[in-house]
>>> print(open('query33.csv').read())   # CSV, C-alpha atoms
chain,number,residue,atom,x,y,z
A,63,MET,CA,47.7,-58.9,-53.3
A,64,SER,CA,50.0,-60.6,-50.8
A,65,GLU,CA,50.5,-57.5,-48.6
A,66,ARG,CA,47.9,-55.3,-46.9
A,67,PRO,CA,47.1,-52.1,-48.9
A,68,LEU,CA,49.4,-49.3,-47.9
A,69,LEU,CA,46.4,-47.0,-47.3
A,70,GLY,CA,45.0,-49.4,-44.7
A,71,GLN,CA,48.4,-49.6,-43.1
A,72,LEU,CA,48.6,-45.8,-42.9
A,73,ILE,CA,45.1,-45.5,-41.4
A,74,ASP,CA,46.1,-48.1,-38.7
A,75,ALA,CA,49.4,-46.4,-38.0
A,76,LEU,CA,47.8,-43.0,-37.5
A,77,ARG,CA,45.9,-44.4,-34.5
A,78,CYS,CA,49.0,-44.1,-32.4
A,79,LEU,CA,48.3,-40.4,-32.3
A,80,PRO,CA,46.5,-39.4,-29.1
A,81,GLY,CA,42.8,-38.9,-29.5
A,82,VAL,CA,42.7,-40.4,-33.0
A,83,GLY,CA,40.1,-43.1,-33.6
A,84,PRO,CA,39.3,-45.0,-36.7
A,85,LYS,CA,37.2,-42.2,-38.4
A,86,SER,CA,39.8,-39.4,-37.6
A,87,ALA,CA,42.6,-41.7,-38.9
A,88,GLN,CA,40.7,-42.1,-42.2
A,89,ARG,CA,40.1,-38.4,-42.4
A,90,ILE,CA,43.8,-37.6,-41.7
A,91,ALA,CA,45.0,-40.2,-44.2
A,92,PHE,CA,42.8,-38.9,-47.1
A,93,HIS,CA,43.6,-35.2,-46.2
A,94,LEU,CA,47.4,-35.9,-46.5
A,95,LEU,CA,47.1,-38.0,-49.6
A,96,GLU,CA,44.8,-35.7,-51.5
A,97,ARG,CA,45.7,-32.3,-50.3
A,98,ASP,CA,49.1,-32.2,-48.6
A,99,ARG,CA,51.5,-34.8,-49.7
A,100,GLU,CA,54.5,-32.5,-49.3
A,101,GLY,CA,53.5,-31.7,-45.7
A,102,GLY,CA,53.0,-35.4,-45.0
A,103,ALA,CA,56.4,-36.3,-46.5
A,104,ARG,CA,58.1,-33.6,-44.4
A,105,LEU,CA,56.3,-34.7,-41.2
A,106,ALA,CA,57.3,-38.3,-41.9
A,107,ARG,CA,60.9,-37.3,-42.3
A,108,ILE,CA,61.1,-35.1,-39.2
A,109,MET,CA,59.1,-37.6,-37.1
A,110,ALA,CA,61.5,-40.5,-38.0
A,111,ASP,CA,64.4,-38.3,-37.1
A,112,ALA,CA,62.9,-37.1,-33.8
A,113,MET,CA,61.9,-40.6,-32.7
A,114,THR,CA,65.5,-41.9,-33.0
A,115,ARG,CA,67.5,-38.8,-32.1
A,116,ILE,CA,65.6,-37.0,-29.3
A,117,ARG,CA,66.8,-38.0,-25.9
A,118,ARG,CA,67.1,-36.4,-22.4
A,119,CYS,CA,69.4,-33.4,-21.7
A,120,CYS,CA,72.2,-34.5,-19.4
A,121,ARG,CA,71.8,-31.5,-17.2
A,122,CYS,CA,68.0,-30.8,-16.9
A,123,ARG,CA,66.5,-34.0,-18.3
A,124,THR,CA,64.2,-32.2,-20.8
A,125,LEU,CA,63.8,-33.6,-24.4
A,126,THR,CA,66.5,-32.6,-26.9
A,127,GLU,CA,68.6,-34.1,-29.6
A,128,GLN,CA,71.8,-32.5,-28.2
A,129,ASP,CA,73.8,-33.6,-25.1
A,130,LEU,CA,72.7,-30.3,-23.5
A,131,CYS,CA,69.5,-28.6,-24.5
A,132,ALA,CA,69.2,-25.1,-25.9
A,133,LEU,CA,68.2,-23.6,-22.5
A,134,CYS,CA,71.0,-25.2,-20.6
A,135,THR,CA,73.6,-23.9,-23.1
A,136,ASN,CA,72.0,-20.4,-23.3
A,137,PRO,CA,74.5,-17.9,-21.7
A,138,HIS,CA,71.8,-15.4,-21.2
A,139,ARG,CA,69.8,-17.5,-18.7
A,140,ASP,CA,70.2,-17.0,-15.0
A,141,GLY,CA,71.8,-20.1,-13.6
A,142,GLY,CA,70.9,-19.0,-10.0
A,143,LEU,CA,67.2,-19.7,-10.5
A,144,LEU,CA,66.2,-23.3,-11.1
A,145,CYS,CA,62.5,-24.2,-11.8
A,146,VAL,CA,61.6,-27.8,-11.2
A,147,VAL,CA,58.7,-29.1,-13.3
A,148,GLU,CA,57.2,-32.5,-13.8
A,149,GLN,CA,57.1,-32.7,-17.6
A,150,PRO,CA,59.1,-31.2,-20.5
A,151,SER,CA,55.8,-29.8,-21.9
A,152,GLU,CA,55.5,-27.6,-18.8
A,153,ILE,CA,58.7,-25.8,-19.8
A,154,LEU,CA,57.1,-24.7,-23.0
A,155,ALA,CA,54.0,-23.4,-21.1
A,156,ILE,CA,56.2,-21.4,-18.6
A,157,GLU,CA,58.4,-20.0,-21.4
A,158,GLN,CA,55.4,-18.8,-23.4
A,159,ALA,CA,53.5,-17.3,-20.4
A,160,THR,CA,56.1,-15.9,-18.0
A,161,ASP,CA,59.3,-13.8,-18.1
A,162,PHE,CA,61.2,-16.4,-16.1
A,163,ARG,CA,64.8,-16.3,-17.3
A,164,GLY,CA,66.3,-19.0,-15.1
A,165,LEU,CA,66.9,-22.7,-15.9
A,166,TYR,CA,64.8,-25.8,-15.5
A,167,PHE,CA,64.9,-29.3,-14.1
A,168,VAL,CA,62.5,-32.0,-15.4
A,169,LEU,CA,61.5,-34.7,-12.9
A,170,GLY,CA,59.4,-36.8,-15.4
A,171,GLY,CA,56.8,-37.6,-12.7
A,172,ARG,CA,56.2,-37.5,-8.9
A,173,LEU,CA,57.4,-39.7,-6.1
A,174,SER,CA,55.1,-42.7,-5.9
A,175,PRO,CA,56.8,-45.6,-4.1
A,176,LEU,CA,53.8,-47.9,-4.7
A,177,ASP,CA,54.3,-47.5,-8.5
A,178,GLY,CA,58.0,-48.0,-8.2
A,179,ILE,CA,58.8,-44.3,-8.8
A,180,GLY,CA,61.5,-43.3,-6.3
A,181,PRO,CA,64.1,-40.5,-6.1
A,182,GLU,CA,66.3,-42.2,-8.7
A,183,GLU,CA,63.6,-42.4,-11.4
A,184,LEU,CA,63.0,-38.7,-11.0
A,185,GLY,CA,66.7,-37.8,-11.2
A,186,LEU,CA,66.6,-36.4,-7.7
A,187,ASP,CA,70.3,-37.5,-7.2
A,188,LEU,CA,71.2,-35.3,-10.2
A,189,LEU,CA,69.1,-32.4,-8.8
A,190,ASP,CA,70.8,-32.8,-5.4
A,191,ALA,CA,74.2,-32.7,-7.0
A,192,ARG,CA,73.2,-29.5,-8.8
A,193,LEU,CA,71.8,-27.8,-5.7
A,194,SER,CA,75.1,-28.6,-3.9
A,195,GLY,CA,77.2,-27.0,-6.6
A,196,GLY,CA,76.8,-23.5,-5.2
A,197,GLU,CA,75.4,-21.8,-8.4
A,198,VAL,CA,71.7,-22.1,-7.6
A,199,ARG,CA,70.3,-19.5,-5.2
A,200,GLU,CA,66.6,-20.4,-5.4
A,201,VAL,CA,64.8,-23.5,-6.5
A,202,ILE,CA,61.2,-22.8,-7.6
A,203,LEU,CA,58.9,-25.8,-7.4
A,204,ALA,CA,56.3,-25.9,-10.1
A,205,ILE,CA,54.9,-29.3,-9.0
A,206,SER,CA,51.1,-30.1,-8.9
A,207,PRO,CA,49.6,-29.9,-5.4
A,208,THR,CA,48.6,-33.5,-5.1
A,209,VAL,CA,49.6,-35.9,-2.4
A,210,GLU,CA,52.5,-37.3,-4.4
A,211,GLY,CA,53.4,-33.8,-5.7
A,212,SER,CA,53.6,-32.4,-2.2
A,213,ALA,CA,55.8,-35.3,-1.1
A,214,THR,CA,58.1,-34.7,-4.0
A,215,ALA,CA,58.2,-30.9,-3.3
A,216,HIS,CA,59.1,-31.6,0.4
A,217,PHE,CA,61.8,-34.0,-0.6
A,218,ILE,CA,63.4,-31.4,-2.8
A,219,ALA,CA,62.9,-28.6,-0.3
A,220,GLU,CA,64.8,-30.7,2.3
A,221,SER,CA,67.6,-31.3,-0.1
A,222,ALA,CA,67.7,-27.5,-0.9
A,223,ASP,CA,67.8,-26.7,2.8
A,224,ARG,CA,70.8,-29.0,3.3
A,225,HIS,CA,72.7,-27.1,0.6
A,226,GLY,CA,71.6,-23.6,1.8
A,227,VAL,CA,69.4,-23.0,-1.3
A,228,SER,CA,66.1,-21.2,-0.8
A,229,ALA,CA,63.1,-23.3,-2.0
A,230,THR,CA,59.8,-21.7,-3.1
A,231,ARG,CA,56.7,-23.1,-4.6
A,232,ILE,CA,54.5,-21.4,-7.3
A,233,ALA,CA,51.1,-20.2,-6.0
A,234,HIS,CA,48.1,-22.5,-6.4
A,235,GLY,CA,44.7,-20.9,-6.1
A,236,VAL,CA,41.8,-19.4,-8.1
A,237,PRO,CA,42.7,-18.9,-11.8
A,238,LEU,CA,42.1,-15.6,-13.6
A,239,GLY,CA,38.4,-15.4,-14.5
A,240,GLY,CA,37.6,-18.4,-12.3
A,241,GLU,CA,34.3,-18.1,-10.6
A,242,LEU,CA,34.3,-19.3,-7.0
A,243,GLU,CA,31.0,-21.1,-7.2
A,244,TYR,CA,32.1,-23.3,-10.1
A,245,LEU,CA,35.6,-23.9,-8.7
A,246,ASP,CA,36.5,-27.4,-7.3
A,247,GLY,CA,36.8,-27.6,-3.5
A,248,GLY,CA,40.5,-28.5,-3.5
A,249,THR,CA,41.5,-25.4,-5.4
A,250,LEU,CA,39.3,-23.2,-3.2
A,251,ALA,CA,40.9,-24.7,0.0
A,252,LEU,CA,44.4,-24.1,-1.5
A,253,ALA,CA,43.4,-20.5,-2.2
A,254,PHE,CA,42.3,-19.9,1.4
A,255,ASN,CA,45.3,-21.6,2.9
A,256,GLY,CA,47.6,-19.7,0.6
A,257,ARG,CA,46.1,-16.2,1.3
A,258,ARG,CA,48.5,-13.3,1.6
A,259,ARG,CA,48.4,-10.0,3.6
A,260,LEU,CA,47.5,-7.0,1.4
B,297,MET,CA,72.9,-24.1,-31.7
B,298,SER,CA,73.0,-23.4,-35.4
B,299,GLU,CA,69.9,-25.4,-36.3
B,300,ARG,CA,66.4,-25.2,-34.8
B,301,PRO,CA,65.7,-27.8,-32.1
B,302,LEU,CA,64.2,-30.9,-33.5
B,303,LEU,CA,61.4,-30.9,-31.0
B,304,GLY,CA,60.2,-27.5,-32.3
B,305,GLN,CA,60.5,-28.7,-35.9
B,306,LEU,CA,58.4,-31.8,-35.0
B,307,ILE,CA,55.7,-29.6,-33.4
B,308,ASP,CA,55.6,-27.3,-36.4
B,309,ALA,CA,55.5,-30.3,-38.9
B,310,LEU,CA,52.5,-31.9,-37.0
B,311,ARG,CA,50.4,-28.8,-37.8
B,312,CYS,CA,50.0,-30.2,-41.3
B,313,LEU,CA,47.5,-32.7,-39.8
B,314,PRO,CA,43.9,-31.5,-40.2
B,315,GLY,CA,42.4,-29.8,-37.1
B,316,VAL,CA,45.8,-29.7,-35.3
B,317,GLY,CA,46.7,-26.3,-33.8
B,318,PRO,CA,49.8,-25.3,-31.8
B,319,LYS,CA,48.6,-26.8,-28.5
B,320,SER,CA,47.5,-30.2,-30.0
B,321,ALA,CA,50.8,-30.4,-31.9
B,322,GLN,CA,52.7,-30.0,-28.7
B,323,ARG,CA,50.5,-32.6,-27.0
B,324,ILE,CA,51.0,-35.1,-29.9
B,325,ALA,CA,54.8,-34.5,-30.0
B,326,PHE,CA,55.2,-35.1,-26.2
B,327,HIS,CA,52.9,-38.1,-26.3
B,328,LEU,CA,54.9,-39.8,-29.1
B,329,LEU,CA,58.3,-38.9,-27.6
B,330,GLU,CA,57.5,-39.9,-24.0
B,331,ARG,CA,55.0,-42.8,-24.5
B,332,ASP,CA,55.0,-44.3,-27.9
B,333,ARG,CA,58.3,-43.9,-29.8
B,334,GLU,CA,57.8,-47.2,-31.5
B,335,GLY,CA,54.4,-46.2,-32.8
B,336,GLY,CA,55.8,-42.9,-33.9
B,337,ALA,CA,58.7,-44.5,-35.7
B,338,ARG,CA,56.3,-46.9,-37.4
B,339,LEU,CA,53.9,-44.2,-38.4
B,340,ALA,CA,56.8,-42.1,-39.8
B,341,ARG,CA,58.0,-45.1,-41.9
B,342,ILE,CA,54.6,-45.9,-43.3
B,343,MET,CA,53.7,-42.3,-43.9
B,344,ALA,CA,56.9,-41.6,-45.9
B,345,ASP,CA,56.1,-44.7,-48.0
B,346,ALA,CA,52.5,-43.8,-48.5
B,347,MET,CA,53.2,-40.2,-49.5
B,348,THR,CA,55.5,-41.3,-52.3
B,349,ARG,CA,54.0,-44.6,-53.5
B,350,ILE,CA,50.2,-44.2,-53.3
B,351,ARG,CA,48.7,-43.0,-56.6
B,352,ARG,CA,45.4,-43.5,-58.4
B,353,CYS,CA,44.1,-46.9,-59.6
B,354,CYS,CA,44.2,-47.0,-63.5
B,355,ARG,CA,40.7,-48.4,-63.6
B,356,CYS,CA,38.6,-46.8,-60.8
B,357,ARG,CA,40.8,-43.8,-59.8
B,358,THR,CA,40.8,-44.7,-56.1
B,359,LEU,CA,44.0,-44.4,-54.0
B,360,THR,CA,46.3,-47.4,-54.1
B,361,GLU,CA,50.0,-48.2,-54.4
B,362,GLN,CA,49.3,-50.8,-57.2
B,363,ASP,CA,48.4,-50.2,-60.8
B,364,LEU,CA,45.0,-51.7,-60.0
B,365,CYS,CA,43.4,-51.5,-56.5
B,366,ALA,CA,42.5,-54.4,-54.4
B,367,LEU,CA,38.8,-54.0,-55.3
B,368,CYS,CA,39.3,-53.9,-59.1
B,369,THR,CA,41.5,-57.0,-58.9
B,370,ASN,CA,39.1,-58.9,-56.6
B,371,PRO,CA,37.5,-61.7,-58.7
B,372,HIS,CA,34.6,-62.1,-56.3
B,373,ARG,CA,33.2,-58.6,-57.0
B,374,ASP,CA,30.4,-58.2,-59.5
B,375,GLY,CA,31.7,-56.2,-62.5
B,376,GLY,CA,28.1,-55.7,-63.7
B,377,LEU,CA,27.4,-53.1,-60.9
B,378,LEU,CA,29.4,-49.9,-60.9
B,379,CYS,CA,29.0,-47.4,-58.1
B,380,VAL,CA,30.2,-43.8,-58.9
B,381,VAL,CA,31.4,-41.8,-55.8
B,382,GLU,CA,33.0,-38.4,-55.5
B,383,GLN,CA,35.9,-39.3,-53.1
B,384,PRO,CA,37.9,-42.4,-52.2
B,385,SER,CA,36.9,-42.1,-48.6
B,386,GLU,CA,33.3,-42.8,-49.6
B,387,ILE,CA,34.2,-46.2,-50.8
B,388,LEU,CA,35.3,-47.1,-47.3
B,389,ALA,CA,32.0,-45.8,-45.9
B,390,ILE,CA,30.0,-47.9,-48.4
B,391,GLU,CA,32.1,-51.0,-47.9
B,392,GLN,CA,31.7,-50.7,-44.1
B,393,ALA,CA,27.9,-50.1,-44.1
B,394,THR,CA,26.4,-51.9,-47.0
B,395,ASP,CA,26.5,-55.3,-48.7
B,396,PHE,CA,27.3,-53.8,-52.1
B,397,ARG,CA,29.5,-56.3,-53.9
B,398,GLY,CA,30.1,-54.5,-57.2
B,399,LEU,CA,32.9,-52.2,-58.3
B,400,TYR,CA,33.5,-48.4,-57.9
B,401,PHE,CA,34.5,-45.4,-59.9
B,402,VAL,CA,35.9,-42.3,-58.1
B,403,LEU,CA,35.3,-38.9,-59.7
B,404,GLY,CA,37.4,-36.8,-57.3
B,405,GLY,CA,34.9,-34.0,-57.4
B,406,ARG,CA,31.8,-32.7,-59.2
B,407,LEU,CA,31.4,-30.9,-62.6
B,408,SER,CA,32.1,-27.2,-61.9
B,409,PRO,CA,33.1,-25.4,-65.1
B,410,LEU,CA,33.6,-22.1,-63.2
B,411,ASP,CA,36.3,-23.7,-61.1
B,412,GLY,CA,37.9,-25.4,-64.2
B,413,ILE,CA,36.5,-28.8,-63.3
B,414,GLY,CA,35.2,-30.4,-66.5
B,415,PRO,CA,34.5,-34.0,-67.6
B,416,GLU,CA,38.2,-34.7,-68.1
B,417,GLU,CA,39.3,-33.7,-64.6
B,418,LEU,CA,36.7,-36.2,-63.2
B,419,GLY,CA,37.8,-39.0,-65.5
B,420,LEU,CA,34.4,-39.0,-67.2
B,421,ASP,CA,36.1,-40.1,-70.5
B,422,LEU,CA,37.5,-43.2,-68.6
B,423,LEU,CA,34.0,-43.8,-67.2
B,424,ASP,CA,32.4,-43.5,-70.6
B,425,ALA,CA,34.8,-46.0,-72.0
B,426,ARG,CA,34.0,-48.4,-69.2
B,427,LEU,CA,30.2,-48.1,-69.7
B,428,SER,CA,30.7,-48.8,-73.4
B,429,GLY,CA,32.6,-52.0,-72.7
B,430,GLY,CA,29.4,-54.1,-72.2
B,431,GLU,CA,30.3,-55.5,-68.8
B,432,VAL,CA,28.4,-52.9,-66.7
B,433,ARG,CA,24.7,-53.5,-66.3
B,434,GLU,CA,23.8,-50.8,-63.8
B,435,VAL,CA,25.7,-47.7,-62.8
B,436,ILE,CA,24.7,-46.5,-59.3
B,437,LEU,CA,25.3,-42.8,-58.7
B,438,ALA,CA,26.3,-42.0,-55.1
B,439,ILE,CA,26.8,-38.3,-55.7
B,440,SER,CA,25.7,-35.5,-53.4
B,441,PRO,CA,22.4,-33.9,-54.4
B,442,THR,CA,23.8,-30.4,-54.9
B,443,VAL,CA,23.5,-28.4,-58.1
B,444,GLU,CA,27.0,-29.5,-59.3
B,445,GLY,CA,26.4,-33.0,-58.1
B,446,SER,CA,23.1,-33.2,-60.0
B,447,ALA,CA,24.7,-31.9,-63.2
B,448,THR,CA,27.4,-34.5,-62.8
B,449,ALA,CA,24.8,-37.2,-62.2
B,450,HIS,CA,22.8,-36.2,-65.3
B,451,PHE,CA,26.0,-36.1,-67.4
B,452,ILE,CA,26.8,-39.7,-66.4
B,453,ALA,CA,23.2,-40.9,-66.8
B,454,GLU,CA,23.2,-39.6,-70.4
B,455,SER,CA,26.4,-41.5,-71.1
B,456,ALA,CA,25.0,-44.6,-69.5
B,457,ASP,CA,21.8,-44.2,-71.6
B,458,ARG,CA,23.9,-44.1,-74.9
B,459,HIS,CA,25.5,-47.4,-74.0
B,460,GLY,CA,22.3,-49.1,-72.9
B,461,VAL,CA,23.4,-49.2,-69.2
B,462,SER,CA,20.7,-48.6,-66.6
B,463,ALA,CA,21.5,-45.6,-64.3
B,464,THR,CA,20.2,-45.3,-60.7
B,465,ARG,CA,20.9,-42.9,-57.9
B,466,ILE,CA,21.0,-43.7,-54.2
B,467,ALA,CA,18.1,-42.4,-52.2
B,468,HIS,CA,18.4,-39.0,-50.5
B,469,GLY,CA,16.0,-38.2,-47.6
B,470,VAL,CA,15.4,-38.3,-43.9
B,471,PRO,CA,18.2,-40.2,-42.1
B,472,LEU,CA,17.5,-43.0,-39.6
B,473,GLY,CA,16.6,-41.3,-36.3
B,474,GLY,CA,16.3,-37.9,-38.0
B,475,GLU,CA,13.6,-35.8,-36.5
B,476,LEU,CA,11.6,-33.9,-39.1
B,477,GLU,CA,11.4,-30.7,-37.1
B,478,TYR,CA,15.2,-30.4,-36.9
B,479,LEU,CA,16.0,-31.5,-40.4
B,480,ASP,CA,17.2,-28.9,-43.0
B,481,GLY,CA,14.7,-27.8,-45.6
B,482,GLY,CA,16.7,-29.1,-48.5
B,483,THR,CA,16.7,-32.7,-47.2
B,484,LEU,CA,13.0,-32.6,-46.3
B,485,ALA,CA,12.2,-31.4,-49.8
B,486,LEU,CA,14.3,-34.2,-51.3
B,487,ALA,CA,12.4,-36.7,-49.1
B,488,PHE,CA,9.0,-35.5,-50.3
B,489,ASN,CA,10.1,-35.4,-54.0
B,490,GLY,CA,11.6,-38.9,-53.6
B,491,ARG,CA,8.5,-40.5,-51.9
B,492,ARG,CA,7.7,-44.1,-53.0
B,493,ARG,CA,4.4,-46.0,-53.2
B,494,LEU,CA,3.9,-48.4,-50.2
>>> encode(input="query33.csv", output="structure tokens")
Amino acid sequence: MSERPLLGQLIDALRCLPGVGPKSAQRIAFHLLERDREGGARLARIMADAMTRIRRCCRCRTLTEQDLCALCTNPHRDGGLLCVVEQPSEILAIEQATDFRGLYFVLGGRLSPLDGIGPEELGLDLLDARLSGGEVREVILAISPTVEGSATAHFIAESADRHGVSATRIAHGVPLGGELEYLDGGTLALAFNGRRRL
Amino acid sequence: MSERPLLGQLIDALRCLPGVGPKSAQRIAFHLLERDREGGARLARIMADAMTRIRRCCRCRTLTEQDLCALCTNPHRDGGLLCVVEQPSEILAIEQATDFRGLYFVLGGRLSPLDGIGPEELGLDLLDARLSGGEVREVILAISPTVEGSATAHFIAESADRHGVSATRIAHGVPLGGELEYLDGGTLALAFNGRRRL
């Protein structure tokens, strides 16, 4: 045998999946080979395709294999509402849980000058151009309430202000079913600061 | 958009992996697309290759892309010792944990006539032919001590007996660090029945 056995190569390659160690990689490899070759072959085909063809939407920077993603080209979405998120996965979560019918903009992170993440890396020039276009009425910031997240939110709010767009931020506070005594202090402080009149 | 977005297809296809539900599938898809495209592309390539090329070794029935697996063709292994296991994954476990230097034979299950699993499905004819060849001195049965497993082990022991090959079975009992009070009754009973003189 000149080359490494293919089974060993497969087990090694599976470790690129998040949270998969040597034992899980073995288990996955044997499961696919012994019980679901068809599913494995299909996954391999789609994964190869996805890794080469999926890129960023020109308009909202989410992941798509088109120039414009399915949301940006959907005529039934309200272009007057723009929700700004950090990651593409957050769009899925919002779509599954809420009845938000506007559009999105994906930053891909938060402002963090020390790590070399400035306005350009987050596409804030693209977002500024969009806010200046006159279509957006309200920009909703769904950005985590960390130090960098707040800096990013303020940066965008200023840009919205310049173009006469109203900027809002989603509420941060006690989650449904969250018990106060087990909640972290930061969230509890946010909940108190963000209290609203009944 | 006439076709489903590729990202959604990838998330669906990932659910063929064992233990991966909708949320994990999303997490894996975004991880690969945003952080490890190279690993994902490599995995897709190797997986496609493995699903089509890996088959059973003609001699020991383990998984390999060759006619004969790396163990069967290794001249440094002792052909006089033959360890019979149920699944190919068990070979890896034995190779990693023990200093066994013999060869293997993979059944792929246990005798279970009600489920249509007879001697032929387990390759017991192939095993019988091998035991009759004169090379094997001892056949070591590493088969689980269930009802079907024991029936399978007795079937093989009889075949070994006919060909003058000694048949042994790996010890079943209390595992290292196992506390008697928390051990299941079946294992404890096995440990008592399998006691040895000091």
>>> closest_residue(input="query33.csv", among="B:Ile387, B:Leu378, B:Val435, B:Cys354", to="chain A", atoms="only C-alpha atoms")
B:Ile387
>>> calpha_fit_rmsd(input="query33.csv", fixed="chain A", moving="chain B")
0.1 Å
>>> closest_residue(input="query33.csv", among="A:Glu65, A:Glu210, A:Asp246, A:Glu127", to="chain B", atoms="only C-alpha atoms")
A:Glu127
>>> interface_residues(input="query33.csv", of="chain A", to="chain B", cutoff="7 Å", atoms="only C-alpha atoms", output="list in words")
Met63, Leu68, Leu69, Leu72, Ala75, Leu76, Cys78, Leu79, Pro80, Ile90, Phe92, Leu95, Arg99, Gly101, Gly102, Ala103, Arg104, Leu105, Ala106, Arg107, Ile108, Met109, Ala110, Ala112, Met113, Thr126, Glu127, Ala132 and Ser151 of chain A
>>> write_last_selection(input="query33.csv", atoms="C-alpha atoms", output="short mmCIF file (atom, residue, chain, number, x, y, z; two decimals), in the coordinates of the input")
data_model
loop_
_atom_site.label_atom_id
_atom_site.label_comp_id
_atom_site.auth_asym_id
_atom_site.auth_seq_id
_atom_site.Cartn_x
_atom_site.Cartn_y
_atom_site.Cartn_z
CA MET A 63 47.70 -58.90 -53.30
CA LEU A 68 49.40 -49.30 -47.90
CA LEU A 69 46.40 -47.00 -47.30
CA LEU A 72 48.60 -45.80 -42.90
CA ALA A 75 49.40 -46.40 -38.00
CA LEU A 76 47.80 -43.00 -37.50
CA CYS A 78 49.00 -44.10 -32.40
CA LEU A 79 48.30 -40.40 -32.30
CA PRO A 80 46.50 -39.40 -29.10
CA ILE A 90 43.80 -37.60 -41.70
CA PHE A 92 42.80 -38.90 -47.10
CA LEU A 95 47.10 -38.00 -49.60
CA ARG A 99 51.50 -34.80 -49.70
CA GLY A 101 53.50 -31.70 -45.70
CA GLY A 102 53.00 -35.40 -45.00
CA ALA A 103 56.40 -36.30 -46.50
CA ARG A 104 58.10 -33.60 -44.40
CA LEU A 105 56.30 -34.70 -41.20
CA ALA A 106 57.30 -38.30 -41.90
CA ARG A 107 60.90 -37.30 -42.30
CA ILE A 108 61.10 -35.10 -39.20
CA MET A 109 59.10 -37.60 -37.10
CA ALA A 110 61.50 -40.50 -38.00
CA ALA A 112 62.90 -37.10 -33.80
CA MET A 113 61.90 -40.60 -32.70
CA THR A 126 66.50 -32.60 -26.90
CA GLU A 127 68.60 -34.10 -29.60
CA ALA A 132 69.20 -25.10 -25.90
CA SER A 151 55.80 -29.80 -21.90
#
>>> residues_around(input="query33.csv", residues="Ser212 of chain A", least_positions_apart="6", cutoff="12 Å", atoms="all atoms listed in the file", output="list in words")
Arg172, Leu173, Ser174, Leu203, Ala204, Ile205, Ser206, Ile218, Ala219 and Arg231 of chain A
>>> residues_near_point(input="query33.csv", point="(40.2, -27.1, -0.8)", cutoff="12 Å", atoms="all atoms listed in the file", output="ChimeraX atom specification")
/A:207-208,234-236,242,245-256
